[in-house]
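> Supplied structure: model-v2.pdb, PDB, C-alpha atoms.
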```pdb
ATOM      1  CA  MET A   1     326.856 144.050 226.245  1.00  0.00           C
ATOM      2  CA  LYS A   2     324.957 140.772 226.015  1.00  0.00           C
ATOM      3  CA  LYS A   3     321.559 142.470 225.937  1.00  0.00           C
ATOM      4  CA  THR A   4     322.645 144.888 223.188  1.00  0.00           C
ATOM      5  CA  ASN A   5     324.063 142.100 221.047  1.00  0.00           C
ATOM      6  CA  GLU A   6     321.008 139.950 221.681  1.00  0.00           C
ATOM      7  CA  LEU A   7     318.694 142.728 220.493  1.00  0.00           C
ATOM      8  CA  GLU A   8     320.742 143.338 217.329  1.00  0.00           C
ATOM      9  CA  TYR A   9     320.843 139.599 216.656  1.00  0.00           C
ATOM     10  CA  TYR A  10     317.084 139.074 216.832  1.00  0.00           C
ATOM     11  CA  GLU A  11     316.116 142.356 215.171  1.00  0.00           C
ATOM     12  CA  LYS A  12     317.847 141.046 212.045  1.00  0.00           C
ATOM     13  CA  ARG A  13     316.039 137.696 212.295  1.00  0.00           C
ATOM     14  CA  LYS A  14     312.412 138.679 212.777  1.00  0.00           C
ATOM     15  CA  ASN A  15     311.204 136.026 210.281  1.00  0.00           C
ATOM     16  CA  TRP A  16     313.784 133.443 211.333  1.00  0.00           C
ATOM     17  CA  SER A  17     312.723 129.964 212.449  1.00  0.00           C
ATOM     18  CA  PHE A  18     314.496 126.734 213.374  1.00  0.00           C
ATOM     19  CA  ASP A  19     312.061 124.926 211.078  1.00  0.00           C
ATOM     20  CA  LYS A  20     314.092 125.921 208.027  1.00  0.00           C
ATOM     21  CA  TYR A  21     317.001 123.684 209.070  1.00  0.00           C
ATOM     22  CA  GLY A  22     314.956 120.457 208.999  1.00  0.00           C
ATOM     23  CA  ILE A  23     316.355 119.207 212.304  1.00  0.00           C
ATOM     24  CA  GLU A  24     315.371 115.736 213.526  1.00  0.00           C
ATOM     25  CA  SER A  25     315.603 115.552 217.333  1.00  0.00           C
ATOM     26  CA  GLU A  26     316.004 112.481 219.543  1.00  0.00           C
ATOM     27  CA  TYR A  27     315.422 113.254 223.229  1.00  0.00           C
ATOM     28  CA  LEU A  28     317.424 111.164 225.698  1.00  0.00           C
ATOM     29  CA  THR A  29     315.997 112.887 228.785  1.00  0.00           C
ATOM     30  CA  ASP A  30     312.374 112.690 229.922  1.00  0.00           C
ATOM     31  CA  TRP A  31     311.858 116.404 230.618  1.00  0.00           C
ATOM     32  CA  ASP A  32     309.472 118.160 228.270  1.00  0.00           C
ATOM     33  CA  LEU A  33     308.780 121.845 228.906  1.00  0.00           C
ATOM     34  CA  TYR A  34     305.397 121.815 227.173  1.00  0.00           C
ATOM     35  CA  GLU A  35     304.161 118.640 228.834  1.00  0.00           C
ATOM     36  CA  LEU A  36     305.115 120.107 232.198  1.00  0.00           C
ATOM     37  CA  LEU A  37     303.379 123.360 231.287  1.00  0.00           C
ATOM     38  CA  LYS A  38     300.170 121.454 230.574  1.00  0.00           C
ATOM     39  CA  LYS A  39     300.397 119.721 233.948  1.00  0.00           C
ATOM     40  CA  VAL A  40     300.778 122.912 235.988  1.00  0.00           C
ATOM     41  CA  SER A  41     298.157 124.975 234.107  1.00  0.00           C
ATOM     42  CA  ASN A  42     294.440 124.779 233.356  1.00  0.00           C
ATOM     43  CA  GLU A  43     291.745 126.662 231.433  1.00  0.00           C
ATOM     44  CA  ASN A  44     291.762 129.465 234.043  1.00  0.00           C
ATOM     45  CA  SER A  45     295.534 130.015 234.048  1.00  0.00           C
ATOM     46  CA  ARG A  46     297.363 133.175 233.089  1.00  0.00           C
ATOM     47  CA  ILE A  47     300.728 132.370 231.470  1.00  0.00           C
ATOM     48  CA  LEU A  48     303.665 134.694 230.792  1.00  0.00           C
ATOM     49  CA  ASP A  49     306.181 133.644 228.123  1.00  0.00           C
ATOM     50  CA  LEU A  50     309.533 135.458 228.336  1.00  0.00           C
ATOM     51  CA  GLY A  51     311.683 135.632 225.212  1.00  0.00           C
ATOM     52  CA  THR A  52     308.761 134.633 223.002  1.00  0.00           C
ATOM     53  CA  ALA A  53     310.545 135.598 219.728  1.00  0.00           C
ATOM     54  CA  GLY A  54     308.035 135.227 216.873  1.00  0.00           C
ATOM     55  CA  GLY A  55     305.531 133.471 219.117  1.00  0.00           C
ATOM     56  CA  GLU A  56     305.775 130.164 217.243  1.00  0.00           C
ATOM     57  CA  ASN A  57     306.204 128.049 220.366  1.00  0.00           C
ATOM     58  CA  VAL A  58     303.347 129.786 222.159  1.00  0.00           C
ATOM     59  CA  LEU A  59     300.992 129.278 219.224  1.00  0.00           C
ATOM     60  CA  LYS A  60     301.989 125.653 218.601  1.00  0.00           C
ATOM     61  CA  ASN A  61     302.651 124.281 222.069  1.00  0.00           C
ATOM     62  CA  PHE A  62     300.953 126.342 224.770  1.00  0.00           C
ATOM     63  CA  PRO A  63     297.593 125.075 226.095  1.00  0.00           C
ATOM     64  CA  ASP A  64     294.330 126.990 225.747  1.00  0.00           C
ATOM     65  CA  CYS A  65     293.804 129.045 228.882  1.00  0.00           C
ATOM     66  CA  LYS A  66     292.424 132.326 230.197  1.00  0.00           C
ATOM     67  CA  GLU A  67     295.341 134.510 229.070  1.00  0.00           C
ATOM     68  CA  ILE A  68     298.809 134.205 227.524  1.00  0.00           C
ATOM     69  CA  LEU A  69     301.229 137.128 227.284  1.00  0.00           C
ATOM     70  CA  GLY A  70     304.387 136.701 225.215  1.00  0.00           C
ATOM     71  CA  THR A  71     307.170 139.260 225.599  1.00  0.00           C
ATOM     72  CA  ASP A  72     310.423 139.894 223.762  1.00  0.00           C
ATOM     73  CA  LEU A  73     313.137 142.544 223.750  1.00  0.00           C
ATOM     74  CA  SER A  74     312.946 142.817 219.955  1.00  0.00           C
ATOM     75  CA  PRO A  75     310.155 144.962 218.415  1.00  0.00           C
ATOM     76  CA  ASN A  76     310.665 143.138 215.122  1.00  0.00           C
ATOM     77  CA  MET A  77     310.062 139.791 216.798  1.00  0.00           C
ATOM     78  CA  ILE A  78     306.861 141.063 218.416  1.00  0.00           C
ATOM     79  CA  GLU A  79     305.713 142.347 215.011  1.00  0.00           C
ATOM     80  CA  THR A  80     306.285 138.847 213.623  1.00  0.00           C
ATOM     81  CA  ALA A  81     304.481 137.313 216.608  1.00  0.00           C
ATOM     82  CA  TYR A  82     301.334 139.331 215.868  1.00  0.00           C
ATOM     83  CA  LYS A  83     301.438 138.268 212.222  1.00  0.00           C
ATOM     84  CA  ASN A  84     301.729 134.644 213.292  1.00  0.00           C
ATOM     85  CA  LEU A  85     298.898 135.126 215.795  1.00  0.00           C
ATOM     86  CA  GLU A  86     296.593 136.478 213.112  1.00  0.00           C
ATOM     87  CA  GLU A  87     297.289 133.472 210.905  1.00  0.00           C
ATOM     88  CA  SER A  88     296.764 131.021 213.781  1.00  0.00           C
ATOM     89  CA  GLY A  89     293.292 132.173 214.755  1.00  0.00           C
ATOM     90  CA  ARG A  90     294.045 131.550 218.432  1.00  0.00           C
ATOM     91  CA  LYS A  91     292.409 133.701 221.105  1.00  0.00           C
ATOM     92  CA  ASN A  92     293.400 135.173 224.478  1.00  0.00           C
ATOM     93  CA  ILE A  93     297.029 135.677 223.392  1.00  0.00           C
ATOM     94  CA  HIS A  94     298.828 139.017 223.437  1.00  0.00           C
ATOM     95  CA  PHE A  95     302.398 140.122 222.800  1.00  0.00           C
ATOM     96  CA  LYS A  96     304.445 143.103 223.960  1.00  0.00           C
ATOM     97  CA  VAL A  97     307.993 144.433 223.835  1.00  0.00           C
ATOM     98  CA  MET A  98     309.647 144.027 227.232  1.00  0.00           C
ATOM     99  CA  ASP A  99     313.102 143.728 228.745  1.00  0.00           C
ATOM    100  CA  ASN A 100     313.284 140.617 230.959  1.00  0.00           C
ATOM    101  CA  LEU A 101     315.523 142.515 233.363  1.00  0.00           C
ATOM    102  CA  LYS A 102     313.066 145.422 233.634  1.00  0.00           C
ATOM    103  CA  MET A 103     309.766 143.583 233.718  1.00  0.00           C
ATOM    104  CA  ASP A 104     306.633 145.662 233.262  1.00  0.00           C
ATOM    105  CA  VAL A 105     303.828 143.330 234.347  1.00  0.00           C
ATOM    106  CA  PRO A 106     301.450 143.287 237.354  1.00  0.00           C
ATOM    107  CA  ASP A 107     302.507 141.758 240.673  1.00  0.00           C
ATOM    108  CA  ASN A 108     300.866 138.493 241.825  1.00  0.00           C
ATOM    109  CA  TYR A 109     299.127 138.088 238.472  1.00  0.00           C
ATOM    110  CA  PHE A 110     300.410 135.050 236.549  1.00  0.00           C
ATOM    111  CA  ASP A 111     299.948 131.372 237.364  1.00  0.00           C
ATOM    112  CA  VAL A 112     302.912 130.223 235.240  1.00  0.00           C
ATOM    113  CA  VAL A 113     305.985 131.984 233.853  1.00  0.00           C
ATOM    114  CA  VAL A 114     307.928 130.279 231.056  1.00  0.00           C
ATOM    115  CA  ALA A 115     311.412 131.325 229.920  1.00  0.00           C
ATOM    116  CA  ARG A 116     313.138 129.567 227.030  1.00  0.00           C
ATOM    117  CA  HIS A 117     316.734 130.307 226.049  1.00  0.00           C
ATOM    118  CA  THR A 118     316.635 133.832 227.427  1.00  0.00           C
ATOM    119  CA  VAL A 119     318.074 135.893 230.269  1.00  0.00           C
ATOM    120  CA  THR A 120     315.914 136.072 233.403  1.00  0.00           C
ATOM    121  CA  ASP A 121     315.678 137.787 236.777  1.00  0.00           C
ATOM    122  CA  PRO A 122     313.959 135.282 239.096  1.00  0.00           C
ATOM    123  CA  LYS A 123     313.301 137.980 241.724  1.00  0.00           C
ATOM    124  CA  GLN A 124     311.170 139.938 239.269  1.00  0.00           C
ATOM    125  CA  ILE A 125     309.481 136.752 238.097  1.00  0.00           C
ATOM    126  CA  TYR A 126     308.700 135.853 241.712  1.00  0.00           C
ATOM    127  CA  LYS A 127     306.896 139.172 242.174  1.00  0.00           C
ATOM    128  CA  CYS A 128     304.621 138.697 239.165  1.00  0.00           C
ATOM    129  CA  LEU A 129     303.606 135.135 240.072  1.00  0.00           C
ATOM    130  CA  LYS A 130     300.647 134.274 242.262  1.00  0.00           C
ATOM    131  CA  THR A 131     301.362 132.290 245.425  1.00  0.00           C
ATOM    132  CA  GLY A 132     301.672 128.671 244.331  1.00  0.00           C
ATOM    133  CA  GLY A 133     302.504 129.715 240.764  1.00  0.00           C
ATOM    134  CA  TYR A 134     305.193 127.975 238.715  1.00  0.00           C
ATOM    135  CA  LEU A 135     308.383 129.033 236.966  1.00  0.00           C
ATOM    136  CA  LEU A 136     309.612 126.880 234.065  1.00  0.00           C
ATOM    137  CA  ILE A 137     313.011 127.581 232.490  1.00  0.00           C
ATOM    138  CA  ARG A 138     314.738 125.866 229.587  1.00  0.00           C
ATOM    139  CA  GLY A 139     318.211 126.991 228.580  1.00  0.00           C
ATOM    140  CA  VAL A 140     321.400 126.052 226.750  1.00  0.00           C
ATOM    141  CA  ASP A 141     324.120 124.715 229.026  1.00  0.00           C
ATOM    142  CA  LYS A 142     327.920 125.049 228.982  1.00  0.00           C
ATOM    143  CA  ALA A 143     328.416 121.476 227.711  1.00  0.00           C
ATOM    144  CA  ASP A 144     326.135 122.054 224.718  1.00  0.00           C
ATOM    145  CA  CYS A 145     327.800 120.815 221.487  1.00  0.00           C
ATOM    146  CA  LEU A 146     330.962 120.197 223.509  1.00  0.00           C
ATOM    147  CA  ASN A 147     332.554 117.906 220.902  1.00  0.00           C
ATOM    148  CA  LEU A 148     332.153 120.662 218.301  1.00  0.00           C
ATOM    149  CA  LYS A 149     333.506 123.342 220.657  1.00  0.00           C
ATOM    150  CA  LEU A 150     336.566 121.207 221.437  1.00  0.00           C
ATOM    151  CA  ILE A 151     337.429 121.017 217.739  1.00  0.00           C
ATOM    152  CA  PHE A 152     337.127 124.796 217.358  1.00  0.00           C
ATOM    153  CA  GLY A 153     338.725 125.588 220.721  1.00  0.00           C
ATOM    154  CA  ARG A 154     335.982 128.067 221.568  1.00  0.00           C
ATOM    155  CA  GLY A 155     332.233 128.313 222.003  1.00  0.00           C
ATOM    156  CA  GLN A 156     329.270 129.654 223.916  1.00  0.00           C
ATOM    157  CA  GLY A 157     329.996 129.618 227.649  1.00  0.00           C
ATOM    158  CA  VAL A 158     332.746 127.010 227.299  1.00  0.00           C
ATOM    159  CA  SER A 159     335.270 129.076 229.271  1.00  0.00           C
ATOM    160  CA  ASP A 160     332.865 130.048 232.061  1.00  0.00           C
ATOM    161  CA  LYS A 161     333.909 128.730 235.454  1.00  0.00           C
ATOM    162  CA  GLU A 162     330.308 128.070 236.471  1.00  0.00           C
ATOM    163  CA  PRO A 163     327.684 126.782 233.996  1.00  0.00           C
ATOM    164  CA  ILE A 164     324.739 129.076 233.353  1.00  0.00           C
ATOM    165  CA  SER A 165     322.439 126.255 234.526  1.00  0.00           C
ATOM    166  CA  ILE A 166     323.961 126.449 238.013  1.00  0.00           C
ATOM    167  CA  ILE A 167     323.853 130.256 238.003  1.00  0.00           C
ATOM    168  CA  ASP A 168     320.162 130.203 237.026  1.00  0.00           C
ATOM    169  CA  TYR A 169     319.363 127.530 239.610  1.00  0.00           C
ATOM    170  CA  LYS A 170     321.051 129.479 242.410  1.00  0.00           C
ATOM    171  CA  ASN A 171     319.229 132.644 241.384  1.00  0.00           C
ATOM    172  CA  VAL A 172     315.877 130.823 241.428  1.00  0.00           C
ATOM    173  CA  ILE A 173     316.489 129.505 244.945  1.00  0.00           C
ATOM    174  CA  ASN A 174     317.809 132.849 246.193  1.00  0.00           C
ATOM    175  CA  ALA A 175     314.680 134.558 244.845  1.00  0.00           C
ATOM    176  CA  GLY A 176     312.597 132.520 247.292  1.00  0.00           C
ATOM    177  CA  PHE A 177     311.195 129.758 245.081  1.00  0.00           C
ATOM    178  CA  LYS A 178     310.377 126.341 246.556  1.00  0.00           C
ATOM    179  CA  ASP A 179     310.598 122.803 245.157  1.00  0.00           C
ATOM    180  CA  ALA A 180     313.247 123.909 242.665  1.00  0.00           C
ATOM    181  CA  GLU A 181     314.589 121.166 240.393  1.00  0.00           C
ATOM    182  CA  LEU A 182     317.430 121.321 237.869  1.00  0.00           C
ATOM    183  CA  VAL A 183     317.471 118.687 235.130  1.00  0.00           C
ATOM    184  CA  PRO A 184     320.162 118.223 232.424  1.00  0.00           C
ATOM    185  CA  ILE A 185     318.507 117.614 229.041  1.00  0.00           C
ATOM    186  CA  HIS A 186     320.401 115.522 226.486  1.00  0.00           C
ATOM    187  CA  VAL A 187     319.283 115.654 222.852  1.00  0.00           C
ATOM    188  CA  ARG A 188     320.669 114.240 219.613  1.00  0.00           C
ATOM    189  CA  GLU A 189     319.953 116.527 216.685  1.00  0.00           C
ATOM    190  CA  TYR A 190     320.365 115.215 213.138  1.00  0.00           C
ATOM    191  CA  PHE A 191     320.844 117.282 209.972  1.00  0.00           C
ATOM    192  CA  SER A 192     320.193 115.540 206.660  1.00  0.00           C
ATOM    193  CA  ASP A 193     321.622 118.423 204.606  1.00  0.00           C
ATOM    194  CA  GLU A 194     325.269 119.449 205.029  1.00  0.00           C
ATOM    195  CA  GLU A 195     324.636 122.976 203.770  1.00  0.00           C
ATOM    196  CA  LYS A 196     321.766 123.496 206.206  1.00  0.00           C
ATOM    197  CA  PHE A 197     324.044 122.330 209.010  1.00  0.00           C
ATOM    198  CA  LYS A 198     326.670 124.890 208.011  1.00  0.00           C
ATOM    199  CA  GLU A 199     324.015 127.593 207.723  1.00  0.00           C
ATOM    200  CA  PHE A 200     322.729 126.678 211.178  1.00  0.00           C
ATOM    201  CA  LEU A 201     326.169 127.132 212.754  1.00  0.00           C
ATOM    202  CA  LYS A 202     326.575 130.500 211.059  1.00  0.00           C
ATOM    203  CA  ASP A 203     323.166 131.649 212.339  1.00  0.00           C
ATOM    204  CA  VAL A 204     323.425 130.581 215.978  1.00  0.00           C
ATOM    205  CA  PRO A 205     326.171 131.550 218.491  1.00  0.00           C
ATOM    206  CA  ILE A 206     327.288 128.020 219.400  1.00  0.00           C
ATOM    207  CA  ILE A 207     330.942 128.504 218.445  1.00  0.00           C
ATOM    208  CA  ASP A 208     331.121 132.247 219.021  1.00  0.00           C
ATOM    209  CA  ASP A 209     333.297 133.632 221.814  1.00  0.00           C
ATOM    210  CA  PHE A 210     330.410 134.149 224.203  1.00  0.00           C
ATOM    211  CA  SER A 211     330.541 134.331 228.003  1.00  0.00           C
ATOM    212  CA  GLU A 212     327.446 133.802 230.138  1.00  0.00           C
ATOM    213  CA  GLU A 213     329.234 134.874 233.318  1.00  0.00           C
ATOM    214  CA  GLY A 214     330.685 138.113 231.983  1.00  0.00           C
ATOM    215  CA  MET A 215     327.729 138.799 229.671  1.00  0.00           C
ATOM    216  CA  THR A 216     330.160 139.447 226.805  1.00  0.00           C
ATOM    217  CA  HIS A 217     329.917 138.328 223.227  1.00  0.00           C
ATOM    218  CA  ARG A 218     332.265 138.619 220.254  1.00  0.00           C
ATOM    219  CA  LYS A 219     330.978 137.282 216.965  1.00  0.00           C
ATOM    220  CA  VAL A 220     333.575 135.103 215.255  1.00  0.00           C
ATOM    221  CA  GLN A 221     333.341 135.065 211.476  1.00  0.00           C
ATOM    222  CA  PHE A 222     333.932 131.865 209.543  1.00  0.00           C
ATOM    223  CA  ASP A 223     337.212 131.937 207.631  1.00  0.00           C
ATOM    224  CA  GLY A 224     339.275 129.383 205.753  1.00  0.00           C
ATOM    225  CA  HIS A 225     340.531 127.690 208.912  1.00  0.00           C
ATOM    226  CA  ASP A 226     337.028 127.598 210.429  1.00  0.00           C
ATOM    227  CA  ASN A 227     335.717 125.917 207.302  1.00  0.00           C
ATOM    228  CA  GLU A 228     338.467 123.291 207.527  1.00  0.00           C
ATOM    229  CA  LEU A 229     337.505 122.554 211.144  1.00  0.00           C
ATOM    230  CA  LEU A 230     333.834 122.409 210.212  1.00  0.00           C
ATOM    231  CA  ASP A 231     334.514 119.957 207.386  1.00  0.00           C
ATOM    232  CA  LYS A 232     336.520 117.832 209.835  1.00  0.00           C
ATOM    233  CA  TYR A 233     333.599 117.756 212.274  1.00  0.00           C
ATOM    234  CA  ILE A 234     331.098 116.881 209.547  1.00  0.00           C
ATOM    235  CA  LYS A 235     333.287 114.032 208.273  1.00  0.00           C
ATOM    236  CA  GLU A 236     333.684 112.548 211.769  1.00  0.00           C
ATOM    237  CA  ASN A 237     330.023 112.942 212.780  1.00  0.00           C
ATOM    238  CA  THR A 238     328.047 112.064 209.651  1.00  0.00           C
ATOM    239  CA  HIS A 239     326.536 108.601 209.420  1.00  0.00           C
ATOM    240  CA  ASN A 240     324.001 107.359 206.888  1.00  0.00           C
ATOM    241  CA  GLY A 241     323.869 110.841 205.404  1.00  0.00           C
ATOM    242  CA  LYS A 242     322.941 112.560 208.682  1.00  0.00           C
ATOM    243  CA  THR A 243     325.212 114.901 210.638  1.00  0.00           C
ATOM    244  CA  LEU A 244     324.897 114.570 214.411  1.00  0.00           C
ATOM    245  CA  LEU A 245     325.023 117.455 216.872  1.00  0.00           C
ATOM    246  CA  LEU A 246     324.989 116.544 220.567  1.00  0.00           C
ATOM    247  CA  ARG A 247     322.933 119.151 222.424  1.00  0.00           C
ATOM    248  CA  ARG A 248     322.936 119.804 226.148  1.00  0.00           C
ATOM    249  CA  TYR A 249     320.085 121.893 227.511  1.00  0.00           C
ATOM    250  CA  TYR A 250     318.800 122.271 231.059  1.00  0.00           C
ATOM    251  CA  GLY A 251     315.368 122.544 232.600  1.00  0.00           C
ATOM    252  CA  ILE A 252     314.410 124.252 235.839  1.00  0.00           C
ATOM    253  CA  SER A 253     311.014 124.014 237.515  1.00  0.00           C
ATOM    254  CA  ALA A 254     310.099 125.810 240.730  1.00  0.00           C
ATOM    255  CA  ARG A 255     307.068 127.019 242.677  1.00  0.00           C
ATOM    256  CA  LYS A 256     306.362 130.271 244.517  1.00  0.00           C
TER     257      LYS A 256
END
```
Taking this structure as input, can you express it in the form of C-alpha cells?


Amino acid sequence: MKKTNELEYYEKRKNWSFDKYGIESEYLTDWDLYELLKKVSNENSRILDLGTAGGENVLKNFPDCKEILGTDLSPNMIETAYKNLEESGRKNIHFKVMDNLKMDVPDNYFDVVVARHTVTDPKQIYKCLKTGGYLLIRGVDKADCLNLKLIFGRGQGVSDKEPISIIDYKNVINAGFKDAELVPIHVREYFSDEEKFKEFLKDVPIIDDFSEEGMTHRKVQFDGHDNELLDKYIKENTHNGKTLLLRRYYGISARK
C-alpha cells in the first residue's frame, strides 16, 4: 500500500521542489548528510543514491567522483532528473527507475549508498556495497512536527508503537553492518509566507493518517475544521512574521 501511494504521489510531482516554499532552516544538531558523504568518499568512489527524486540533491550536494547512480521508483522523477542533469553540465552521473525493495544493481560495487526519506532494505544494500563501504540514511522520525500533530490529533507515524528510526536502525544492524550510529536531528524551519506554509502542509504527508509500521496511508483532505486548526497553529507559532515548524529527522551511518 505504501509503495503504491508513494509512486502515485511522486508521479504527480515530477517538477516539484522544496525550493518553492522558501524555507529557512536552523540546524540544532551537528549531523550533516552531505558533509559526512564527502568524508567517506573520494574521487574514485562509486555512489548510489536511493530515492533520488528529481536529482536536485545529487547535482547540488554530491561530490565529484568516479560514478554516481541515482534511482527512484517514479519514471516521471527520473525524467526530471535527466533534464536537471543536462542543465547542470555535471559528468559521471546516471539515473534509472528502480524499486528500493527490489534492487537491480551489481553486488560488491558501490563505495557509498545514500538513502534520503525513502524506504530501504539494508540487506540488499549490504550486498551491493564493497567491503568497507558506507551506508548513510536520513529519514523523518515519529516526533517530526509533533506540536502540529498534537493539534490535529493525527499525523505521519504518530500512532506507531516503534519509531521508524528504531526500525531502520535495527534493520541495518541485522543486515550485518558495523559501526552503526543513530542520531536524532533537530531542525527549526521558518516560513515567511503564511500561504506557502499552508501549501506546504497540503503537499507533504505530515498530518496525513500514515503508518510506517503497517505501511498504510490514507490521505486526509483539508476541510473547514482542518483550516481552523491550521489557523490556530499559525497564530500560536508565528513570531516576527515567520511561522515555525519544529522538524525531527534522524541520521544513520554504518559500514560494511

> Name all residues at most 12 Å from region 224-226 of chain A (count all atoms listed in the file; drop same-chain ones fewer than 4 positions away) and give them as an MDAnalysis selection string.

chainID A and resid 148:149 151:154 198 201:202 207:208 220 230:233

> Might you spell out which residues the PyMOL selection byres ((chain A and resi 39-47) around 6) would select in the displayed file, as number ranges by chain?

A: 36-38, 48, 65-68, 110-113

> Within 12 Å of (327.4, 113.0, 208.7), in the coordinates the file gives, what residues turn up when you count only C-alpha atoms, written out as number ranges by chain?

A: 189-195, 197-198, 230-245

> Given the PyMOL selection byres ((chain A and resi 118) around 8) and the file above, list the residues it selects as a list in words.

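Expected selection for the PyMOL selection byres ((chain A and resi 118) around 8) here is Leu50, Gly51, Ala115, Arg116, His117, Val119, Thr120 and Gly139 of chain A.
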
> Could you jot down the CA of Asp30 (chain A) to CA of Tyr250 (chain A) separation for me, Å, one decimal place?

11.6 Å
